[in-house]
>>> print(open('target-v4.txt').read())   # compact mmCIF, C-alpha atoms
# COMPACT_ATOMS: atom_id res chain seq x y z
CA MET A 23 48.17 57.91 98.02
CA SER A 24 46.52 55.26 95.83
CA GLY A 25 45.08 54.78 92.36
CA THR A 26 46.56 54.48 88.89
CA PRO A 27 49.48 56.65 87.73
CA ILE A 28 46.98 58.75 85.72
CA ASP A 29 44.94 59.41 88.88
CA ARG A 30 48.09 60.39 90.77
CA LEU A 31 49.15 62.67 87.88
CA ALA A 32 45.69 64.28 87.84
CA ARG A 33 45.86 64.93 91.60
CA ALA A 34 49.38 66.37 91.27
CA THR A 35 48.41 68.77 88.46
CA PRO A 36 47.87 72.31 89.83
CA PRO A 37 44.20 73.36 89.53
CA SER A 38 45.02 76.35 87.29
CA LEU A 39 46.86 74.13 84.75
CA ALA A 40 44.13 71.46 84.92
CA ARG A 41 41.50 74.12 84.06
CA ARG A 42 43.57 75.25 81.05
CA VAL A 43 44.02 71.68 79.68
CA ARG A 44 40.32 70.90 80.17
CA GLY A 45 39.52 73.93 78.05
CA LEU A 46 41.57 72.73 75.03
CA SER A 47 39.74 71.97 71.80
CA ASP A 48 40.09 68.63 69.97
CA ARG A 49 42.21 70.36 67.35
CA ALA A 50 44.55 71.75 70.02
CA ILE A 51 44.89 68.34 71.66
CA ALA A 52 45.63 66.80 68.25
CA TRP A 53 48.40 69.38 67.75
CA LEU A 54 49.70 68.58 71.23
CA PHE A 55 50.18 64.95 70.21
CA VAL A 56 51.48 65.58 66.67
CA GLY A 57 53.68 68.52 67.71
CA PRO A 58 56.67 66.57 69.08
CA SER A 59 56.87 64.46 65.88
CA ILE A 60 56.77 67.58 63.72
CA VAL A 61 59.45 69.25 65.82
CA LEU A 62 61.62 66.12 65.56
CA LEU A 63 61.07 65.95 61.79
CA LEU A 64 62.00 69.62 61.40
CA ALA A 65 65.10 69.20 63.57
CA VAL A 66 66.35 65.98 61.98
CA ASN A 67 65.31 66.35 58.32
CA ILE A 68 64.25 69.83 57.30
CA PHE A 69 66.76 71.94 59.23
CA PRO A 70 69.84 69.99 57.98
CA LEU A 71 68.49 70.22 54.43
CA ILE A 72 68.06 74.00 54.63
CA TRP A 73 71.43 74.32 56.36
CA THR A 74 73.11 72.25 53.62
CA ILE A 75 71.55 74.46 50.92
CA ASN A 76 72.81 77.50 52.82
CA LEU A 77 76.34 76.05 53.14
CA SER A 78 76.41 75.19 49.44
CA PHE A 79 76.68 78.91 48.66
CA THR A 80 79.70 79.40 50.94
CA ASN A 81 83.38 78.45 51.02
CA PHE A 82 82.89 76.94 54.51
CA LYS A 83 85.42 74.34 55.64
CA ALA A 84 84.47 72.32 58.72
CA ASN A 85 88.10 72.22 59.93
CA ARG A 86 88.55 76.00 59.59
CA LEU A 87 85.61 77.86 61.02
CA ARG A 88 86.81 81.40 60.31
CA ASP A 89 86.79 83.34 57.01
CA VAL A 90 83.46 81.99 55.79
CA GLU A 91 82.20 83.91 52.76
CA TYR A 92 79.19 83.65 50.50
CA ILE A 93 80.51 82.81 47.03
CA GLY A 94 77.22 82.51 45.18
CA LEU A 95 76.97 79.69 42.66
CA ARG A 96 80.73 79.10 42.38
CA ASN A 97 80.60 75.67 44.09
CA TYR A 98 77.92 74.49 41.66
CA GLN A 99 79.90 75.91 38.74
CA ARG A 100 83.06 74.05 39.87
CA ILE A 101 81.26 70.74 40.37
CA LEU A 102 79.45 70.86 37.06
CA THR A 103 82.61 71.63 35.08
CA ASP A 104 84.80 69.10 36.88
CA SER A 105 85.74 66.07 34.79
CA GLY A 106 86.32 63.97 37.94
CA THR A 107 82.75 64.51 39.10
CA TRP A 108 81.53 63.70 35.60
CA GLU A 109 83.43 60.38 35.73
CA SER A 110 81.89 59.62 39.15
CA MET A 111 78.44 60.21 37.69
CA GLN A 112 79.19 57.83 34.83
CA ALA A 113 80.50 55.19 37.25
CA THR A 114 77.30 55.59 39.30
CA ALA A 115 75.12 55.34 36.17
CA HIS A 116 76.90 52.11 35.11
CA PHE A 117 76.55 50.66 38.60
CA LEU A 118 72.89 51.70 38.94
CA PHE A 119 71.76 50.47 35.53
CA TRP A 120 73.40 47.06 35.60
CA THR A 121 72.69 46.22 39.24
CA ILE A 122 68.99 47.02 38.82
CA PHE A 123 68.85 45.16 35.50
CA PHE A 124 70.39 41.96 36.90
CA GLN A 125 68.57 42.14 40.24
CA VAL A 126 65.17 42.50 38.57
CA LEU A 127 65.89 39.76 36.05
CA ILE A 128 67.32 37.21 38.50
CA GLY A 129 65.06 38.26 41.40
CA PHE A 130 61.91 37.80 39.36
CA ALA A 131 63.10 34.46 37.94
CA LEU A 132 63.92 33.18 41.45
CA ALA A 133 60.56 34.36 42.81
CA TYR A 134 58.78 32.65 39.93
CA LEU A 135 60.58 29.38 40.66
CA ILE A 136 60.16 29.59 44.46
CA ASN A 137 56.46 30.30 43.98
CA LYS A 138 56.03 26.85 42.40
CA LYS A 139 55.14 24.35 45.07
CA PHE A 140 58.00 21.90 45.51
CA LYS A 141 59.58 20.01 48.38
CA GLY A 142 61.86 22.17 50.51
CA ASN A 143 60.99 25.52 48.96
CA ASN A 144 60.98 27.16 52.40
CA LEU A 145 64.53 25.96 52.98
CA TRP A 146 65.60 27.32 49.58
CA THR A 147 63.95 30.67 50.33
CA THR A 148 65.95 30.91 53.57
CA ILE A 149 69.20 29.99 51.80
CA ILE A 150 68.60 32.52 49.00
CA VAL A 151 67.77 35.29 51.47
CA LEU A 152 70.98 34.78 53.52
CA PRO A 153 73.25 37.26 51.61
CA MET A 154 70.82 40.09 52.32
CA MET A 155 71.19 39.55 56.07
CA LEU A 156 74.96 40.04 56.06
CA SER A 157 76.67 43.32 56.82
CA PRO A 158 77.99 45.13 53.70
CA ALA A 159 81.40 45.43 55.39
CA VAL A 160 81.55 41.65 55.84
CA VAL A 161 80.37 41.01 52.27
CA GLY A 162 82.92 43.48 50.91
CA ASN A 163 85.68 41.82 52.88
CA PHE A 164 85.02 38.25 51.92
CA TRP A 165 84.38 39.07 48.26
CA THR A 166 87.82 40.75 48.25
CA PHE A 167 89.22 37.32 49.14
CA LEU A 168 87.01 35.57 46.59
CA TYR A 169 88.31 37.94 43.90
CA GLN A 170 92.01 37.33 44.71
CA PRO A 171 93.70 36.18 41.48
CA GLN A 172 95.98 33.66 43.27
CA ILE A 173 93.76 32.13 45.94
CA GLY A 174 90.27 33.46 45.17
CA LEU A 175 87.49 30.99 44.48
CA PHE A 176 85.81 33.27 41.91
CA ASN A 177 88.73 33.11 39.46
CA TYR A 178 88.82 29.30 39.74
CA VAL A 179 85.11 29.06 38.99
CA VAL A 180 85.61 31.27 35.92
CA GLU A 181 88.56 29.07 34.88
CA PHE A 182 86.46 25.93 35.32
CA PHE A 183 83.66 27.21 33.08
CA SER A 184 85.57 29.26 30.50
CA GLY A 185 89.07 27.80 30.44
CA VAL A 186 90.65 31.24 31.08
CA ASP A 187 93.69 30.92 33.37
CA ALA A 188 92.63 31.88 36.94
CA SER A 189 95.78 33.89 37.68
CA SER A 190 95.63 35.80 34.38
CA PHE A 191 93.02 38.33 35.48
CA SER A 192 92.15 40.34 38.58
CA MET A 193 88.55 41.41 39.05
CA ILE A 194 89.43 44.27 41.40
CA GLY A 195 92.70 45.36 39.80
CA SER A 196 91.62 45.43 36.16
CA THR A 197 90.23 48.64 34.67
CA HIS A 198 87.81 46.65 32.52
CA LEU A 199 86.62 44.26 35.24
CA ALA A 200 86.47 46.41 38.41
CA PRO A 201 83.15 48.13 37.52
CA TRP A 202 81.68 44.65 36.92
CA ALA A 203 83.16 43.30 40.16
CA ILE A 204 81.03 45.71 42.22
CA VAL A 205 77.97 44.99 40.07
CA ILE A 206 78.36 41.24 40.71
CA VAL A 207 78.68 41.65 44.49
CA ASP A 208 75.73 44.05 44.80
CA THR A 209 73.62 41.75 42.63
CA TRP A 210 74.61 38.75 44.77
CA MET A 211 73.72 40.60 47.95
CA TRP A 212 70.48 42.35 46.98
CA THR A 213 68.78 40.05 44.47
CA PRO A 214 67.05 38.24 47.38
CA PHE A 215 65.39 41.53 48.34
CA VAL A 216 63.89 41.92 44.86
CA MET A 217 62.96 38.23 44.95
CA LEU A 218 61.05 38.66 48.23
CA ILE A 219 59.06 41.62 46.89
CA CYS A 220 58.26 39.76 43.66
CA LEU A 221 57.28 36.71 45.68
CA ALA A 222 54.81 38.84 47.66
CA GLY A 223 53.37 40.04 44.34
CA LEU A 224 53.12 36.53 42.90
CA ARG A 225 51.45 35.17 46.05
CA SER A 226 48.87 37.99 45.94
CA ILE A 227 47.51 36.75 42.59
CA PRO A 228 44.44 34.58 43.25
CA ASP A 229 44.49 31.06 41.75
CA SER A 230 40.96 31.63 40.40
CA ILE A 231 42.35 34.01 37.75
CA TYR A 232 44.66 31.29 36.40
CA GLU A 233 41.80 28.76 36.54
CA ALA A 234 39.63 31.12 34.46
CA ALA A 235 42.52 31.53 32.00
CA GLU A 236 42.85 27.73 31.82
CA CYS A 237 39.12 27.49 31.01
CA ASP A 238 39.69 30.00 28.19
CA ARG A 239 42.51 27.77 26.97
CA ALA A 240 45.16 30.45 27.39
CA SER A 241 48.65 29.01 27.02
CA LYS A 242 51.16 29.20 29.90
CA TRP A 243 53.13 31.76 27.89
CA ARG A 244 50.05 33.96 27.44
CA GLN A 245 49.09 33.58 31.11
CA PHE A 246 52.58 34.74 32.05
CA TRP A 247 52.52 37.89 29.88
CA THR A 248 48.87 38.90 30.37
CA LEU A 249 48.31 37.89 34.01
CA THR A 250 51.51 37.34 35.96
CA VAL A 251 53.64 40.22 34.64
CA PRO A 252 50.98 43.00 34.85
CA MET A 253 49.94 41.93 38.35
CA VAL A 254 53.50 41.75 39.66
CA LEU A 255 54.55 44.97 37.91
CA PRO A 256 53.64 47.39 40.79
CA PHE A 257 55.67 45.24 43.19
CA LEU A 258 58.56 45.08 40.75
CA MET A 259 58.48 48.85 40.29
CA LEU A 260 58.55 49.31 44.04
CA ALA A 261 61.60 47.05 44.27
CA VAL A 262 63.30 49.07 41.51
CA LEU A 263 62.52 52.32 43.38
CA PHE A 264 64.00 51.01 46.64
CA ARG A 265 67.09 49.56 44.98
CA GLY A 266 67.55 52.63 42.78
CA ILE A 267 67.55 55.05 45.72
CA GLU A 268 69.70 52.70 47.79
CA ASN A 269 72.28 52.15 45.03
CA PHE A 270 72.44 55.84 44.20
CA LYS A 271 73.96 56.35 47.65
CA MET A 272 75.97 53.09 47.70
CA PHE A 273 79.12 53.55 49.75
CA ASP A 274 80.20 50.87 52.22
CA LEU A 275 80.26 47.82 49.95
CA VAL A 276 82.26 49.55 47.21
CA VAL A 277 84.71 51.14 49.65
CA GLN A 278 85.39 47.72 51.18
CA LEU A 279 85.77 46.06 47.79
CA THR A 280 87.71 48.46 45.61
CA GLY A 281 88.16 51.66 47.63
CA GLY A 282 87.00 53.50 44.51
CA GLY A 283 89.86 52.13 42.36
CA PRO A 284 91.64 51.26 40.20
CA GLY A 285 92.31 54.97 39.74
CA SER A 286 88.88 56.49 40.17
CA LEU A 287 87.07 53.96 38.04
CA THR A 288 84.68 52.75 40.74
CA THR A 289 84.50 56.03 42.66
CA LEU A 290 80.76 56.42 42.93
CA THR A 291 79.27 59.83 43.70
CA SER A 292 78.77 59.02 47.40
CA ILE A 293 82.47 58.06 47.75
CA ASP A 294 83.52 61.22 45.90
CA LEU A 295 81.22 63.28 48.12
CA LYS A 296 82.63 61.76 51.33
CA ARG A 297 86.20 62.51 50.17
CA GLU A 298 85.33 66.12 49.42
CA ALA A 299 83.57 66.55 52.77
CA PHE A 300 85.78 64.62 55.20
CA GLU A 301 89.19 64.21 53.53
CA LYS A 302 89.60 67.52 51.69
CA TRP A 303 87.29 69.29 54.19
CA ARG A 304 85.61 71.36 51.46
CA THR A 305 82.29 71.45 53.29
CA GLY A 306 80.63 74.14 51.14
CA TYR A 307 81.65 72.34 47.95
CA ALA A 308 80.45 68.98 49.35
CA SER A 309 77.14 70.59 50.37
CA ALA A 310 76.57 71.78 46.80
CA TYR A 311 77.45 68.26 45.58
CA ALA A 312 74.90 66.80 48.04
CA VAL A 313 72.23 69.25 46.87
CA ILE A 314 72.80 68.21 43.23
CA LEU A 315 72.44 64.52 44.18
CA PHE A 316 69.38 65.26 46.31
CA VAL A 317 67.58 67.14 43.52
CA THR A 318 68.41 64.33 41.06
CA VAL A 319 67.11 61.57 43.33
CA PHE A 320 64.07 63.62 44.38
CA GLY A 321 63.15 64.41 40.75
CA LEU A 322 63.59 60.80 39.66
CA ALA A 323 61.61 59.47 42.62
CA SER A 324 58.77 61.95 41.91
CA ILE A 325 58.24 60.81 38.33
CA TYR A 326 58.73 57.21 39.34
CA VAL A 327 56.07 57.38 42.06
CA LYS A 328 53.71 58.98 39.53
CA ALA A 329 54.35 56.08 37.11
CA LEU A 330 53.86 53.59 39.94
CA ASN A 331 50.48 55.10 40.84
CA LYS A 332 49.40 54.91 37.20
CA VAL A 333 50.33 51.22 37.05
CA LYS A 334 48.42 50.56 40.29
CA GLU A 335 45.31 52.33 38.95
CA ARG A 336 45.16 50.10 35.86
CA MET B 14 48.50 65.80 20.57
CA SER B 15 45.75 68.46 20.52
CA ASN B 16 44.59 67.16 23.93
CA PHE B 17 48.09 67.64 25.26
CA ILE B 18 48.34 71.22 23.91
CA ASN B 19 44.86 72.01 25.23
CA GLY B 20 45.92 70.69 28.63
CA LEU B 21 48.97 72.95 28.59
CA LEU B 22 46.92 76.00 27.63
CA ARG B 23 44.26 75.30 30.28
CA PHE B 24 46.91 74.55 32.97
CA ARG B 25 45.83 70.94 33.47
CA ARG B 26 47.90 68.70 35.71
CA GLY B 27 48.43 65.75 33.33
CA ALA B 28 49.99 67.74 30.48
CA TRP B 29 52.21 69.86 32.70
CA GLU B 30 53.35 66.85 34.74
CA MET B 31 54.38 65.25 31.47
CA VAL B 32 56.52 68.28 30.59
CA ALA B 33 58.08 68.32 34.08
CA SER B 34 58.77 64.57 33.94
CA LEU B 35 60.44 64.92 30.55
CA LEU B 36 62.64 67.74 31.87
CA ILE B 37 63.69 65.65 34.90
CA ALA B 38 64.44 62.62 32.73
CA LEU B 39 66.40 64.78 30.28
CA GLY B 40 68.37 66.34 33.15
CA VAL B 41 69.29 62.94 34.60
CA VAL B 42 70.37 61.61 31.19
CA MET B 43 72.46 64.76 30.67
CA LEU B 44 74.03 64.29 34.12
CA MET B 45 75.08 60.70 33.54
CA GLN B 46 75.88 60.52 29.82
CA PRO B 47 79.55 60.00 28.90
CA PHE B 48 79.60 61.92 25.60
CA TRP B 49 79.22 65.67 26.05
CA MET B 50 80.66 67.76 28.88
CA LEU B 51 78.45 70.75 28.09
CA ALA B 52 75.33 68.61 28.61
CA PHE B 53 76.73 67.56 32.01
CA THR B 54 77.31 71.21 32.94
CA TYR B 55 73.71 72.20 32.23
CA SER B 56 72.15 68.99 33.56
CA PHE B 57 71.53 70.26 37.09
CA ILE B 58 69.62 73.36 36.04
CA VAL B 59 67.40 71.25 33.75
CA THR B 60 66.70 68.73 36.56
CA LEU B 61 66.07 71.53 39.06
CA ILE B 62 63.60 73.32 36.75
CA GLY B 63 61.84 69.99 36.10
CA THR B 64 61.64 69.11 39.80
CA VAL B 65 60.36 72.52 40.92
CA MET B 66 57.88 72.51 38.03
CA PHE B 67 56.72 69.02 39.05
CA ILE B 68 56.04 70.17 42.62
CA ILE B 69 54.09 73.22 41.40
CA VAL B 70 52.05 71.54 38.64
CA SER B 71 51.06 68.60 40.85
CA HIS B 72 48.71 71.13 42.52
CA PHE B 73 47.01 72.03 39.22
CA PRO B 74 43.44 70.74 38.66
CA GLU B 75 43.04 67.35 36.95
>>> encode(input="target-v4.txt", output="structure tokens")
Amino acid sequence: MSGTPIDRLARATPPSLARRVRGLSDRAIAWLFVGPSIVLLLAVNIFPLIWTINLSFTNFKANRLRDVEYIGLRNYQRILTDSGTWESMQATAHFLFWTIFFQVLIGFALAYLINKKFKGNNLWTTIIVLPMMLSPAVVGNFWTFLYQPQIGLFNYVVEFFSGVDASSFSMIGSTHLAPWAIVIVDTWMWTPFVMLICLAGLRSIPDSIYEAAECDRASKWRQFWTLTVPMVLPFLMLAVLFRGIENFKMFDLVVQLTGGGPGSLTTLTSIDLKREAFEKWRTGYASAYAVILFVTVFGLASIYVKALNKVKER
Amino acid sequence: MSNFINGLLRFRRGAWEMVASLLIALGVVMLMQPFWMLAFTYSFIVTLIGTVMFIIVSHFPE
């Protein structure tokens, strides 16, 4: 037997089957190719989603498979009247708002500086991007050491610049500082990501536009606000979308850093959800919690994508 | 304003998407605000109505 594998496969195909395949329309062949992907998508994304919605109306516990009952909207009612969940939402809102604010501000500033041609800017780009390449578990661990009041470098840097005694405060242990401790670490880790996206936006602006503005005697300040910012805005909005969705489900970094403490001050919704699902084993309750978070993120992402498209059309 | 009301009456996408977006934004603010527990309790239903409405009205004519 000789020939290519396709020839061998054609020879091995029974004549009846070969006749049937030869008779397929283009549309049928297209479905034959797309089918496996659709089946995979249904199995991995859609089915779990529908199953989660179904579980959210039950008192199902994954460690006790008997006595499952449909309890209607009781899980939703419990979650939405629970002060602990409310506090988690507030902690998440604080974390989301400030991380995105600082990442956009610092990321854009860094991209603007890196975009200027200077000696060694490739080296600086590599150095700035390094935190993003580290594992969140590693980052969480070493920032825990940096935040140690006795030996941590962070407290000594604060002491050097502000004069406040290094051992007089604990970033992770203090109720006032812990929410900011996680904001600082996430900003340190993910600002390079925003910077890279902004840099792509800045590099996509043709020099000819600035040259035309120079001919019109537009000041640097005016060029920045009427050329640079509007042209980078779609990229910036995309970065905010990615970081927003990512930070809404932030888990690993915060668990490594504070474990949700002190008390439940840095217990973000994803940490709360994991505890309900895999520590208290209230699977039905956790499913309802997940559905609430899903609808929130989906709704926000929908209006955000609409806004993004509008900005791109301008 | 009259354009917006006309759009609502003639089931145009732009106006209805605006209403849905406002509902979603209101729901998210209600969910995450630290002042009023009752607003938190009703936040999900507001967000859900907004999201479902957004999916439906995005199929309306322009």
>>> closest_atom_pairs(input="target-v4.txt", of="chain B", to="chain A", cutoff="8 Å", atoms="only C-alpha atoms", output="tab-separated table")
residue	atom	partner	partner_atom	distance
B:Ser34	CA	A:Ile325	CA	5.8
B:Ile37	CA	A:Gly321	CA	6.0
B:Ala38	CA	A:Leu322	CA	7.2
B:Val41	CA	A:Thr318	CA	6.7
B:Leu44	CA	A:Met111	CA	7.0
B:Met45	CA	A:Gln112	CA	5.2
B:Gln46	CA	A:Gln112	CA	6.6
B:Pro47	CA	A:Gln112	CA	6.3
B:Met50	CA	A:Thr103	CA	7.6
B:Phe53	CA	A:Leu102	CA	6.6
B:Thr54	CA	A:Leu102	CA	4.7
B:Tyr55	CA	A:Leu102	CA	7.6
B:Phe57	CA	A:Ile314	CA	6.6
B:Thr60	CA	A:Thr318	CA	6.5
B:Leu61	CA	A:Val317	CA	6.4
B:Gly63	CA	A:Gly321	CA	7.4
B:Thr64	CA	A:Gly321	CA	5.0
B:Phe67	CA	A:Ser324	CA	7.9
>>> atom_distance(input="target-v4.txt", atom1="CA of Ile231 (chain A)", atom2="CA of Asn137 (chain A)")
15.9 Å
>>> atom_distance(input="target-v4.txt", atom1="CA of Leu156 (chain A)", atom2="CA of Gln125 (chain A)")
17.2 Å
>>> atom_distance(input="target-v4.txt", atom1="CA of Gly195 (chain A)", atom2="CA of Phe215 (chain A)")
28.9 Å
>>> closest_residue(input="target-v4.txt", among="A:Val205, A:Tyr134, A:His198, A:Phe164", to="Val254 (chain A)", atoms="only C-alpha atoms")
A:Tyr134
>>> residues_around(input="target-v4.txt", residues="Leu168 (chain A)", least_positions_apart="2", cutoff="12 Å", atoms="only C-alpha atoms", output="ChimeraX atom specification")
/A:161-166,170-180,188,192-194,203,206-207,279
>>> closest_residue(input="target-v4.txt", among="A:Val56, A:Ile75, A:Val216, A:Leu62", to="Phe264 (chain A)", atoms="all atoms listed in the file")
A:Val216
>>> residues_around(input="target-v4.txt", residues="region 128-132 of chain A", least_positions_apart="5", cutoff="6 Å", atoms="all atoms listed in the file", output="ChimeraX atom specification")
/A:213,216-217,220
>>> residues_around(input="target-v4.txt", residues="Leu87 (chain A)", least_positions_apart="3", cutoff="12 Å", atoms="all atoms listed in the file", output="list in words")
Thr80, Asn81, Phe82, Lys83, Ala84, Val90, Glu91, Trp303, Arg304, Thr305 and Gly306 of chain A
>>> residues_around(input="target-v4.txt", residues="region 24-26 of chain B", least_positions_apart="4", cutoff="8 Å", atoms="only C-alpha atoms", output="PyMOL selection string")
chain B and resi 20+30+70-75
>>> write_last_selection(input="target-v4.txt", atoms="C-alpha atoms", output="mmCIF file, in the frame of the given file")
data_model
loop_
_atom_site.group_PDB
_atom_site.id
_atom_site.type_symbol
_atom_site.label_atom_id
_atom_site.label_comp_id
_atom_site.auth_asym_id
_atom_site.auth_seq_id
_atom_site.Cartn_x
_atom_site.Cartn_y
_atom_site.Cartn_z
ATOM 1 C CA GLY B 20 45.920 70.690 28.630
ATOM 2 C CA GLU B 30 53.350 66.850 34.740
ATOM 3 C CA VAL B 70 52.050 71.540 38.640
ATOM 4 C CA SER B 71 51.060 68.600 40.850
ATOM 5 C CA HIS B 72 48.710 71.130 42.520
ATOM 6 C CA PHE B 73 47.010 72.030 39.220
ATOM 7 C CA PRO B 74 43.440 70.740 38.660
ATOM 8 C CA GLU B 75 43.040 67.350 36.950
#
>>> decode(input="target-v4.txt", residues="region 52-70 of chain B", atoms="N, CA and C atoms", output="PDB file, in the first residue's frame")
ATOM      1  N   ALA B  52     -31.436  49.091  49.193  1.00  0.00           N
ATOM      2  CA  ALA B  52     -30.975  49.247  47.800  1.00  0.00           C
ATOM      3  C   ALA B  52     -30.168  48.023  47.386  1.00  0.00           C
ATOM      4  N   PHE B  53     -29.333  47.513  48.311  1.00  0.00           N
ATOM      5  CA  PHE B  53     -28.555  46.299  48.034  1.00  0.00           C
ATOM      6  C   PHE B  53     -29.493  45.122  47.769  1.00  0.00           C
ATOM      7  N   THR B  54     -30.543  45.010  48.559  1.00  0.00           N
ATOM      8  CA  THR B  54     -31.480  43.893  48.418  1.00  0.00           C
ATOM      9  C   THR B  54     -32.140  43.874  47.036  1.00  0.00           C
ATOM     10  N   TYR B  55     -32.500  45.048  46.548  1.00  0.00           N
ATOM     11  CA  TYR B  55     -33.202  45.106  45.250  1.00  0.00           C
ATOM     12  C   TYR B  55     -32.266  45.320  44.058  1.00  0.00           C
ATOM     13  N   SER B  56     -30.957  45.337  44.328  1.00  0.00           N
ATOM     14  CA  SER B  56     -29.999  45.627  43.251  1.00  0.00           C
ATOM     15  C   SER B  56     -30.017  44.557  42.151  1.00  0.00           C
ATOM     16  N   PHE B  57     -30.097  43.294  42.579  1.00  0.00           N
ATOM     17  CA  PHE B  57     -29.980  42.208  41.602  1.00  0.00           C
ATOM     18  C   PHE B  57     -31.139  42.223  40.612  1.00  0.00           C
ATOM     19  N   ILE B  58     -32.335  42.454  41.121  1.00  0.00           N
ATOM     20  CA  ILE B  58     -33.497  42.429  40.218  1.00  0.00           C
ATOM     21  C   ILE B  58     -33.409  43.587  39.210  1.00  0.00           C
ATOM     22  N   VAL B  59     -32.893  44.735  39.665  1.00  0.00           N
ATOM     23  CA  VAL B  59     -32.736  45.878  38.753  1.00  0.00           C
ATOM     24  C   VAL B  59     -31.698  45.545  37.672  1.00  0.00           C
ATOM     25  N   THR B  60     -30.561  44.968  38.104  1.00  0.00           N
ATOM     26  CA  THR B  60     -29.506  44.598  37.132  1.00  0.00           C
ATOM     27  C   THR B  60     -30.017  43.537  36.162  1.00  0.00           C
ATOM     28  N   LEU B  61     -30.745  42.573  36.691  1.00  0.00           N
ATOM     29  CA  LEU B  61     -31.260  41.478  35.846  1.00  0.00           C
ATOM     30  C   LEU B  61     -32.239  42.021  34.795  1.00  0.00           C
ATOM     31  N   ILE B  62     -33.160  42.884  35.239  1.00  0.00           N
ATOM     32  CA  ILE B  62     -34.117  43.471  34.280  1.00  0.00           C
ATOM     33  C   ILE B  62     -33.351  44.252  33.204  1.00  0.00           C
ATOM     34  N   GLY B  63     -32.368  45.036  33.642  1.00  0.00           N
ATOM     35  CA  GLY B  63     -31.568  45.832  32.698  1.00  0.00           C
ATOM     36  C   GLY B  63     -30.835  44.945  31.701  1.00  0.00           C
ATOM     37  N   THR B  64     -30.230  43.855  32.195  1.00  0.00           N
ATOM     38  CA  THR B  64     -29.444  42.985  31.326  1.00  0.00           C
ATOM     39  C   THR B  64     -30.329  42.256  30.308  1.00  0.00           C
ATOM     40  N   VAL B  65     -31.445  41.715  30.788  1.00  0.00           N
ATOM     41  CA  VAL B  65     -32.361  41.019  29.877  1.00  0.00           C
ATOM     42  C   VAL B  65     -32.912  42.005  28.846  1.00  0.00           C
ATOM     43  N   MET B  66     -33.260  43.209  29.336  1.00  0.00           N
ATOM     44  CA  MET B  66     -33.783  44.236  28.423  1.00  0.00           C
ATOM     45  C   MET B  66     -32.729  44.588  27.373  1.00  0.00           C
ATOM     46  N   PHE B  67     -31.466  44.679  27.807  1.00  0.00           N
ATOM     47  CA  PHE B  67     -30.387  45.033  26.887  1.00  0.00           C
ATOM     48  C   PHE B  67     -30.263  43.987  25.777  1.00  0.00           C
ATOM     49  N   ILE B  68     -30.357  42.712  26.170  1.00  0.00           N
ATOM     50  CA  ILE B  68     -30.244  41.629  25.170  1.00  0.00           C
ATOM     51  C   ILE B  68     -31.400  41.720  24.166  1.00  0.00           C
ATOM     52  N   ILE B  69     -32.607  41.991  24.684  1.00  0.00           N
ATOM     53  CA  ILE B  69     -33.782  42.042  23.796  1.00  0.00           C
ATOM     54  C   ILE B  69     -33.711  43.270  22.875  1.00  0.00           C
ATOM     55  N   VAL B  70     -33.467  44.456  23.473  1.00  0.00           N
ATOM     56  CA  VAL B  70     -33.559  45.679  22.670  1.00  0.00           C
ATOM     57  C   VAL B  70     -32.404  45.835  21.681  1.00  0.00           C
TER      58      VAL B  70
END
